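Working notes for the structure below.
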Amino acid sequence: MVKKTTEKPVITIGATLPLTGNLAVYGKALQKSLDLALQDAHPEKLKYTYKIVVEDDQYDLKKALINVNRFKSVDNINAVMSFWGNIGTLVSDWAEKNKVVHMGCAASDKVGAGYYNFNHATQPQSLLNRILKYYKDNNFKKIGIAYLQALEIQEFIDHFVPILKENGFEVVFVTSFNPEERDLKMEILKMKDKQPDVVEVLMNSPIINIFGKTSKELGFDVPMSSINNMTDALEEYEGQTFVTEDSGKASFTEHFETATETPQTACVVNFYDGLNMLINAYEKTPAKKGKQIPDNEDVAKTLLDIDHNGFVSVINEINMDEEGNIDSPAVLKRIINGKPTTVEK
């Protein structure tokens, strides 16, 4: 007599994350976000077993490519998740070619491009609109930009500078730094001479820390703003204001930080939401006759139908365009006593 098996079919989801290196604080928090999302999905009640495979890419393109190729050849993944635009763009191209559902989190117009690609992040235009409002509300006219040489940041700069000029702002400098630079004094003194009303600091750690510390030492005491990354340098930018993505409902932040004993960082809420979106889509998509799990083509179609597929977000407000970009409001925060605090102006 043949014994009936009660094992459920397995859906495998890979995530390539920076678990070591300069961005490890993000990667480790994102891994915990995925673990918590799977736990909160009540796996025992689901139609399929969900297996999460996480590999370290150190935010390096070569390592990320090795990871996704391994996901396909060894782990036989159904879906993949990525963090930020440099890696996200690579994974987006790879996922489209391999017909793997991809859920990214990046302030990028490219990561969500293609049928199989979805980008769960406050979109560049929403971030840009909020920055412009902040500048106008504070009567800033002369804008300086200091940025780290990275694909996703350059993509934003190329879009940002012309729009600033179109809106009547004077861009007094656009200065880039490479990731290895440590002595920023000469460039900061040049910036100081330009007398900007505000400096947009688009950098990751450790450059953003060095820039903030050196600016203080040189008396470059002007308002500084950023997108997301001032959370890496709270001490250096005390009192400064930055634009960031909606970090989700207060109940989510409390739940995440209590359950993981980890501060919420960039993309944590998007990864939590994104994994739940994937699970919801696989659960709701019928498998074709003779198959144990749904085809990725059908799962992508279900994901796009966010208004009718029954998904409930932990973010206050989200919307998805026809390309698969999942937008949420941009929020203005100020670092007050070492804590990012939501402000209006």
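By convention here, the chains of the structure tokens are called A, B, ... in the order presented, each chain's residues are numbered starting at 1, and ligands are numbered starting at 1 in the order presented.
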
Notebook entry, point to check: Excluding same-chain residues fewer than 2 positions from Thr49 in chain A, what lies within 8 Å of it counting only C-alpha atoms, as a VMD selection string?
Noted result: chain A and resid 8 to 11 43 46 to 47 51

Selection file, C-alpha atoms, as a JSON list (two decimals), in the first residue's frame:
```json
[["chain", "number", "residue", "atom", "x", "y", "z"],
["A", 8, "LYS", "CA", 2.96, 20.73, 0.07],
["A", 9, "PRO", "CA", 4.60, 21.92, -3.16],
["A", 10, "VAL", "CA", 7.49, 24.33, -2.53],
["A", 11, "ILE", "CA", 7.81, 27.90, -3.82],
["A", 43, "PRO", "CA", 2.80, 29.14, 6.79],
["A", 46, "LEU", "CA", -0.90, 28.30, 3.15],
["A", 47, "LYS", "CA", -1.37, 26.17, 0.06],
["A", 51, "LYS", "CA", 11.43, 28.62, 1.17]]
```

Notebook entry, point to check: Do you know which residues are at most 12 Å from Asn167 in chain A counting only C-alpha atoms, after dropping those on the same chain fewer than 3 positions away, and could you put them as a PyMOL selection string?
Noted result: chain A and resi 128-129+131-133+135-136+140-143+160-164+170-171

Item checked: Straight-line distance linking CA of Asp93 in chain A with CA of Tyr116 in chain A, stated in Å to one decimal -> 9.7 Å

Using only C-alpha atoms, what table do you get, as JSON lines, when you list each residue of range 3-93 of chain A with an atom no more than 9 Å from range 101-114 of chain A, its nearest pair of atoms, and their distance in Å rounded to one decimal, rows by chain then rising number?
```
{"residue": "A:Asn78", "atom": "CA", "partner": "A:Val101", "partner_atom": "CA", "distance": 6.8}
{"residue": "A:Ala79", "atom": "CA", "partner": "A:Val101", "partner_atom": "CA", "distance": 4.6}
{"residue": "A:Val80", "atom": "CA", "partner": "A:His102", "partner_atom": "CA", "distance": 4.9}
{"residue": "A:Met81", "atom": "CA", "partner": "A:Met103", "partner_atom": "CA", "distance": 4.8}
{"residue": "A:Ser82", "atom": "CA", "partner": "A:Gly104", "partner_atom": "CA", "distance": 4.7}
{"residue": "A:Phe83", "atom": "CA", "partner": "A:Cys105", "partner_atom": "CA", "distance": 5.2}
{"residue": "A:Trp84", "atom": "CA", "partner": "A:Ala106", "partner_atom": "CA", "distance": 4.1}
{"residue": "A:Gly85", "atom": "CA", "partner": "A:Ala106", "partner_atom": "CA", "distance": 5.0}
{"residue": "A:Asn86", "atom": "CA", "partner": "A:Ala106", "partner_atom": "CA", "distance": 8.6}
{"residue": "A:Gly88", "atom": "CA", "partner": "A:Val111", "partner_atom": "CA", "distance": 5.5}
{"residue": "A:Thr89", "atom": "CA", "partner": "A:Val111", "partner_atom": "CA", "distance": 5.0}
{"residue": "A:Leu90", "atom": "CA", "partner": "A:Val111", "partner_atom": "CA", "distance": 8.3}
{"residue": "A:Val91", "atom": "CA", "partner": "A:His102", "partner_atom": "CA", "distance": 7.6}
{"residue": "A:Ser92", "atom": "CA", "partner": "A:Val111", "partner_atom": "CA", "distance": 5.6}
{"residue": "A:Asp93", "atom": "CA", "partner": "A:Gly114", "partner_atom": "CA", "distance": 8.3}
```

Checklist line | DSSP strand (DSSP E or B) selection over range 74-181 of chain A, as a ChimeraX atom specification | finding: /A:79-83,101-105,117-120,142-148,170-177

N, CA and C atoms of the current selection, written as a PDB file, in the first residue's frame:
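The result, stored in out_3.pdb:
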```pdb
ATOM      1  N   ALA A  79      10.990  33.009  -7.642  1.00  0.00           N
ATOM      2  CA  ALA A  79      11.006  34.471  -7.580  1.00  0.00           C
ATOM      3  C   ALA A  79      12.296  34.931  -6.921  1.00  0.00           C
ATOM      4  N   VAL A  80      12.622  36.214  -7.122  1.00  0.00           N
ATOM      5  CA  VAL A  80      13.856  36.771  -6.565  1.00  0.00           C
ATOM      6  C   VAL A  80      13.568  38.178  -6.052  1.00  0.00           C
ATOM      7  N   MET A  81      14.320  38.597  -5.024  1.00  0.00           N
ATOM      8  CA  MET A  81      14.179  39.928  -4.460  1.00  0.00           C
ATOM      9  C   MET A  81      15.537  40.609  -4.438  1.00  0.00           C
ATOM     10  N   SER A  82      15.534  41.944  -4.656  1.00  0.00           N
ATOM     11  CA  SER A  82      16.791  42.688  -4.699  1.00  0.00           C
ATOM     12  C   SER A  82      16.644  44.015  -3.975  1.00  0.00           C
ATOM     13  N   PHE A  83      17.800  44.600  -3.630  1.00  0.00           N
ATOM     14  CA  PHE A  83      17.854  45.838  -2.850  1.00  0.00           C
ATOM     15  C   PHE A  83      18.608  46.921  -3.603  1.00  0.00           C
ATOM     16  N   VAL A 101       9.917  35.904 -11.478  1.00  0.00           N
ATOM     17  CA  VAL A 101       9.262  37.071 -10.883  1.00  0.00           C
ATOM     18  C   VAL A 101      10.263  37.776  -9.963  1.00  0.00           C
ATOM     19  N   HIS A 102      10.395  39.085 -10.138  1.00  0.00           N
ATOM     20  CA  HIS A 102      11.380  39.860  -9.388  1.00  0.00           C
ATOM     21  C   HIS A 102      10.691  40.976  -8.618  1.00  0.00           C
ATOM     22  N   MET A 103      10.962  41.061  -7.317  1.00  0.00           N
ATOM     23  CA  MET A 103      10.454  42.137  -6.469  1.00  0.00           C
ATOM     24  C   MET A 103      11.654  42.916  -5.939  1.00  0.00           C
ATOM     25  N   GLY A 104      11.826  44.154  -6.422  1.00  0.00           N
ATOM     26  CA  GLY A 104      12.933  44.986  -5.980  1.00  0.00           C
ATOM     27  C   GLY A 104      12.473  46.085  -5.051  1.00  0.00           C
ATOM     28  N   CYS A 105      13.440  46.807  -4.493  1.00  0.00           N
ATOM     29  CA  CYS A 105      13.158  48.014  -3.714  1.00  0.00           C
ATOM     30  C   CYS A 105      14.250  49.015  -4.061  1.00  0.00           C
ATOM     31  N   ASN A 117       9.028  42.055 -13.665  1.00  0.00           N
ATOM     32  CA  ASN A 117       9.672  42.900 -12.655  1.00  0.00           C
ATOM     33  C   ASN A 117       8.703  43.831 -11.939  1.00  0.00           C
ATOM     34  N   PHE A 118       8.871  43.908 -10.610  1.00  0.00           N
ATOM     35  CA  PHE A 118       8.075  44.788  -9.759  1.00  0.00           C
ATOM     36  C   PHE A 118       9.029  45.544  -8.843  1.00  0.00           C
ATOM     37  N   ASN A 119       8.741  46.823  -8.637  1.00  0.00           N
ATOM     38  CA  ASN A 119       9.622  47.639  -7.793  1.00  0.00           C
ATOM     39  C   ASN A 119       8.792  48.279  -6.691  1.00  0.00           C
ATOM     40  N   HIS A 120       8.950  47.779  -5.470  1.00  0.00           N
ATOM     41  CA  HIS A 120       8.177  48.253  -4.319  1.00  0.00           C
ATOM     42  C   HIS A 120       9.014  49.278  -3.563  1.00  0.00           C
ATOM     43  N   LYS A 142      19.423  78.638  -4.162  1.00  0.00           N
ATOM     44  CA  LYS A 142      20.701  78.148  -4.672  1.00  0.00           C
ATOM     45  C   LYS A 142      20.950  76.734  -4.120  1.00  0.00           C
ATOM     46  N   ILE A 143      20.977  75.777  -5.015  1.00  0.00           N
ATOM     47  CA  ILE A 143      21.058  74.367  -4.616  1.00  0.00           C
ATOM     48  C   ILE A 143      22.424  73.805  -4.970  1.00  0.00           C
ATOM     49  N   GLY A 144      23.063  73.147  -4.007  1.00  0.00           N
ATOM     50  CA  GLY A 144      24.285  72.399  -4.266  1.00  0.00           C
ATOM     51  C   GLY A 144      23.999  70.918  -4.151  1.00  0.00           C
ATOM     52  N   ILE A 145      24.693  70.119  -4.933  1.00  0.00           N
ATOM     53  CA  ILE A 145      24.495  68.663  -4.899  1.00  0.00           C
ATOM     54  C   ILE A 145      25.841  67.984  -4.718  1.00  0.00           C
ATOM     55  N   ALA A 146      25.948  67.153  -3.676  1.00  0.00           N
ATOM     56  CA  ALA A 146      27.137  66.331  -3.442  1.00  0.00           C
ATOM     57  C   ALA A 146      26.687  64.880  -3.468  1.00  0.00           C
ATOM     58  N   TYR A 147      27.307  64.061  -4.310  1.00  0.00           N
ATOM     59  CA  TYR A 147      26.783  62.698  -4.453  1.00  0.00           C
ATOM     60  C   TYR A 147      27.883  61.655  -4.648  1.00  0.00           C
ATOM     61  N   LEU A 148      27.519  60.445  -4.333  1.00  0.00           N
ATOM     62  CA  LEU A 148      28.403  59.301  -4.487  1.00  0.00           C
ATOM     63  C   LEU A 148      28.246  58.722  -5.890  1.00  0.00           C
ATOM     64  N   GLU A 170      18.718  77.712  -8.925  1.00  0.00           N
ATOM     65  CA  GLU A 170      20.077  77.811  -9.445  1.00  0.00           C
ATOM     66  C   GLU A 170      20.912  76.675  -8.856  1.00  0.00           C
ATOM     67  N   VAL A 171      21.454  75.832  -9.707  1.00  0.00           N
ATOM     68  CA  VAL A 171      22.298  74.723  -9.252  1.00  0.00           C
ATOM     69  C   VAL A 171      23.743  75.233  -9.235  1.00  0.00           C
ATOM     70  N   VAL A 172      24.277  75.475  -8.032  1.00  0.00           N
ATOM     71  CA  VAL A 172      25.588  76.138  -7.924  1.00  0.00           C
ATOM     72  C   VAL A 172      26.762  75.163  -7.986  1.00  0.00           C
ATOM     73  N   PHE A 173      26.518  73.902  -7.690  1.00  0.00           N
ATOM     74  CA  PHE A 173      27.544  72.883  -7.925  1.00  0.00           C
ATOM     75  C   PHE A 173      26.905  71.503  -7.927  1.00  0.00           C
ATOM     76  N   VAL A 174      27.533  70.607  -8.702  1.00  0.00           N
ATOM     77  CA  VAL A 174      27.177  69.180  -8.708  1.00  0.00           C
ATOM     78  C   VAL A 174      28.501  68.443  -8.599  1.00  0.00           C
ATOM     79  N   THR A 175      28.810  67.938  -7.409  1.00  0.00           N
ATOM     80  CA  THR A 175      30.123  67.343  -7.127  1.00  0.00           C
ATOM     81  C   THR A 175      29.972  65.871  -6.766  1.00  0.00           C
ATOM     82  N   SER A 176      30.734  65.026  -7.434  1.00  0.00           N
ATOM     83  CA  SER A 176      30.672  63.582  -7.157  1.00  0.00           C
ATOM     84  C   SER A 176      31.919  63.126  -6.405  1.00  0.00           C
ATOM     85  N   PHE A 177      31.746  62.064  -5.628  1.00  0.00           N
ATOM     86  CA  PHE A 177      32.853  61.434  -4.901  1.00  0.00           C
ATOM     87  C   PHE A 177      32.845  59.945  -5.205  1.00  0.00           C
TER      88      PHE A 177
END
```

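If you count only C-alpha atoms and ignore residues fewer than 6 places along the chain from Thr265 in chain A, what sits within 8 Å of it is A:Val25, A:Tyr26, A:Ala29, A:Thr231.
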
Next item on the list: Write out as a list in words which residues come within 6 Å of range 272-274 of chain A when counting only C-alpha atoms, dropping same-chain ones fewer than 4 positions away.
Entry: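 After dropping sequence-adjacent residues, the list is Ser33, Leu34 and Ala37 of chain A.
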
Check: In Å, with one decimal, what is the gap from CA of His308 in chain A to CA of Gln31 in chain A?
Finding: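 According to the coordinates, CA of His308 in chain A and CA of Gln31 in chain A are separated by 28.7 Å.
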
Next item on the list: Tell me which protein, DNA and RNA residues are within 9 Å of Leu19 in chain A, counting only C-alpha atoms, leaving out same-chain ones fewer than 5 positions away, and put them as a PyMOL selection string.
Entry: chain A and resi 24-28+31+55-59

Residues of the last selection are to be written out with C-alpha atoms, as a CSV table (one decimal), in the first residue's frame.
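Output saved as selection21.csv:
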```csv
chain,number,residue,atom,x,y,z
A,24,ALA,CA,25.4,45.3,5.9
A,25,VAL,CA,23.2,47.2,8.3
A,26,TYR,CA,20.5,47.3,5.6
A,27,GLY,CA,21.0,43.7,4.4
A,28,LYS,CA,20.7,42.2,7.8
A,31,GLN,CA,16.8,39.4,6.0
A,55,GLU,CA,22.9,35.2,-0.4
A,56,ASP,CA,25.4,37.9,0.4
A,57,ASP,CA,26.3,40.2,-2.5
A,58,GLN,CA,28.2,43.0,-0.6
A,59,TYR,CA,26.4,45.3,-3.0
```

Next item on the list: Please provide the set of residues having any atom within 12 Å of Lys72 in chain A, restricted to only C-alpha atoms, with same-chain residues fewer than 4 positions apart removed, written as a PyMOL selection string.
Entry: chain A and resi 12-15+53+65-68+76-80+94-95+97-101

Take the residues from that selection and put them in a file with N, CA, C and O atoms, as a PDB file, in the first residue's frame.
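Dumped everything to out-v8.pdb:
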```
ATOM      1  N   THR A  12      10.152  28.591  -4.007  1.00  0.00           N
ATOM      2  CA  THR A  12      11.438  29.077  -3.504  1.00  0.00           C
ATOM      3  C   THR A  12      11.678  30.515  -3.971  1.00  0.00           C
ATOM      4  O   THR A  12      11.548  30.816  -5.163  1.00  0.00           O
ATOM      5  N   ILE A  13      12.011  31.360  -3.027  1.00  0.00           N
ATOM      6  CA  ILE A  13      12.256  32.782  -3.315  1.00  0.00           C
ATOM      7  C   ILE A  13      13.670  33.139  -2.873  1.00  0.00           C
ATOM      8  O   ILE A  13      14.034  32.963  -1.708  1.00  0.00           O
ATOM      9  N   GLY A  14      14.478  33.620  -3.805  1.00  0.00           N
ATOM     10  CA  GLY A  14      15.841  34.023  -3.497  1.00  0.00           C
ATOM     11  C   GLY A  14      15.919  35.512  -3.217  1.00  0.00           C
ATOM     12  O   GLY A  14      15.157  36.298  -3.776  1.00  0.00           O
ATOM     13  N   ALA A  15      16.847  35.903  -2.356  1.00  0.00           N
ATOM     14  CA  ALA A  15      17.085  37.324  -2.077  1.00  0.00           C
ATOM     15  C   ALA A  15      18.586  37.564  -2.071  1.00  0.00           C
ATOM     16  O   ALA A  15      19.314  36.923  -1.310  1.00  0.00           O
ATOM     17  N   VAL A  53      15.731  31.771   0.314  1.00  0.00           N
ATOM     18  CA  VAL A  53      17.171  31.556   0.198  1.00  0.00           C
ATOM     19  C   VAL A  53      17.839  32.923   0.085  1.00  0.00           C
ATOM     20  O   VAL A  53      17.550  33.686  -0.840  1.00  0.00           O
ATOM     21  N   LEU A  65      25.402  38.784  -9.514  1.00  0.00           N
ATOM     22  CA  LEU A  65      25.169  37.945 -10.699  1.00  0.00           C
ATOM     23  C   LEU A  65      25.443  36.478 -10.385  1.00  0.00           C
ATOM     24  O   LEU A  65      24.692  35.584 -10.809  1.00  0.00           O
ATOM     25  N   ILE A  66      26.511  36.223  -9.624  1.00  0.00           N
ATOM     26  CA  ILE A  66      26.791  34.843  -9.191  1.00  0.00           C
ATOM     27  C   ILE A  66      25.623  34.314  -8.370  1.00  0.00           C
ATOM     28  O   ILE A  66      25.181  33.170  -8.540  1.00  0.00           O
ATOM     29  N   ASN A  67      25.085  35.161  -7.487  1.00  0.00           N
ATOM     30  CA  ASN A  67      23.968  34.740  -6.625  1.00  0.00           C
ATOM     31  C   ASN A  67      22.732  34.349  -7.429  1.00  0.00           C
ATOM     32  O   ASN A  67      22.132  33.296  -7.196  1.00  0.00           O
ATOM     33  N   VAL A  68      22.337  35.230  -8.369  1.00  0.00           N
ATOM     34  CA  VAL A  68      21.097  34.927  -9.100  1.00  0.00           C
ATOM     35  C   VAL A  68      21.266  33.718 -10.010  1.00  0.00           C
ATOM     36  O   VAL A  68      20.326  32.922 -10.190  1.00  0.00           O
ATOM     37  N   ASN A  76      16.751  26.491  -7.845  1.00  0.00           N
ATOM     38  CA  ASN A  76      15.534  26.388  -8.667  1.00  0.00           C
ATOM     39  C   ASN A  76      14.447  27.350  -8.180  1.00  0.00           C
ATOM     40  O   ASN A  76      13.295  26.972  -7.947  1.00  0.00           O
ATOM     41  N   ILE A  77      14.818  28.622  -8.033  1.00  0.00           N
ATOM     42  CA  ILE A  77      13.890  29.606  -7.480  1.00  0.00           C
ATOM     43  C   ILE A  77      12.741  29.911  -8.433  1.00  0.00           C
ATOM     44  O   ILE A  77      12.854  29.759  -9.647  1.00  0.00           O
ATOM     45  N   ASN A  78      11.640  30.361  -7.845  1.00  0.00           N
ATOM     46  CA  ASN A  78      10.489  30.833  -8.607  1.00  0.00           C
ATOM     47  C   ASN A  78      10.478  32.359  -8.692  1.00  0.00           C
ATOM     48  O   ASN A  78       9.976  32.934  -9.661  1.00  0.00           O
ATOM     49  N   ALA A  79      10.990  33.009  -7.642  1.00  0.00           N
ATOM     50  CA  ALA A  79      11.006  34.471  -7.580  1.00  0.00           C
ATOM     51  C   ALA A  79      12.296  34.931  -6.921  1.00  0.00           C
ATOM     52  O   ALA A  79      12.973  34.161  -6.238  1.00  0.00           O
ATOM     53  N   VAL A  80      12.622  36.214  -7.122  1.00  0.00           N
ATOM     54  CA  VAL A  80      13.856  36.771  -6.565  1.00  0.00           C
ATOM     55  C   VAL A  80      13.568  38.178  -6.052  1.00  0.00           C
ATOM     56  O   VAL A  80      12.693  38.879  -6.571  1.00  0.00           O
ATOM     57  N   TRP A  94      18.125  40.238 -15.639  1.00  0.00           N
ATOM     58  CA  TRP A  94      18.268  38.782 -15.499  1.00  0.00           C
ATOM     59  C   TRP A  94      16.899  38.107 -15.357  1.00  0.00           C
ATOM     60  O   TRP A  94      16.623  37.081 -15.991  1.00  0.00           O
ATOM     61  N   ALA A  95      16.044  38.681 -14.529  1.00  0.00           N
ATOM     62  CA  ALA A  95      14.721  38.095 -14.261  1.00  0.00           C
ATOM     63  C   ALA A  95      13.866  38.070 -15.514  1.00  0.00           C
ATOM     64  O   ALA A  95      13.146  37.092 -15.778  1.00  0.00           O
ATOM     65  N   LYS A  97      14.885  37.926 -18.632  1.00  0.00           N
ATOM     66  CA  LYS A  97      15.405  36.910 -19.552  1.00  0.00           C
ATOM     67  C   LYS A  97      15.049  35.500 -19.084  1.00  0.00           C
ATOM     68  O   LYS A  97      14.796  34.604 -19.894  1.00  0.00           O
ATOM     69  N   ASN A  98      15.040  35.302 -17.771  1.00  0.00           N
ATOM     70  CA  ASN A  98      14.811  33.965 -17.218  1.00  0.00           C
ATOM     71  C   ASN A  98      13.371  33.718 -16.793  1.00  0.00           C
ATOM     72  O   ASN A  98      13.055  32.647 -16.266  1.00  0.00           O
ATOM     73  N   LYS A  99      12.495  34.717 -17.012  1.00  0.00           N
ATOM     74  CA  LYS A  99      11.067  34.603 -16.664  1.00  0.00           C
ATOM     75  C   LYS A  99      10.870  34.233 -15.198  1.00  0.00           C
ATOM     76  O   LYS A  99      10.087  33.351 -14.846  1.00  0.00           O
ATOM     77  N   VAL A 100      11.639  34.933 -14.353  1.00  0.00           N
ATOM     78  CA  VAL A 100      11.548  34.783 -12.897  1.00  0.00           C
ATOM     79  C   VAL A 100      10.897  36.043 -12.344  1.00  0.00           C
ATOM     80  O   VAL A 100      11.286  37.162 -12.700  1.00  0.00           O
ATOM     81  N   VAL A 101       9.917  35.904 -11.478  1.00  0.00           N
ATOM     82  CA  VAL A 101       9.262  37.071 -10.883  1.00  0.00           C
ATOM     83  C   VAL A 101      10.263  37.776  -9.963  1.00  0.00           C
ATOM     84  O   VAL A 101      10.898  37.141  -9.117  1.00  0.00           O
TER      85      VAL A 101
END
```

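Across A:Asp246, A:Glu283, A:Glu236, A:Glu257, the tightest approach to Val314 in chain A is made by A:Asp246 when counting only C-alpha atoms.
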
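For the atom pair formed by CA of Arg130 in chain A and CA of Ala330 in chain A, the distance is 6.3 Å, given to one decimal.
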
Notebook entry, point to check: Could you pull out all residues of range 118-223 of chain A with a DSSP call of helix (DSSP H, G or I) and give them as a PyMOL selection string?
Noted result: chain A and resi 124-137+151-166+185-194+207-217

Note to self: Need the shell around range 217-225 of chain A: protein/DNA/RNA residues with any atom at most 6 Å away, counting only C-alpha atoms. Skip same-chain ones fewer than 2 positions apart. Format as an MDAnalysis selection string?
What the structure shows: chainID A and resid 192 198:201 214:215 240:242
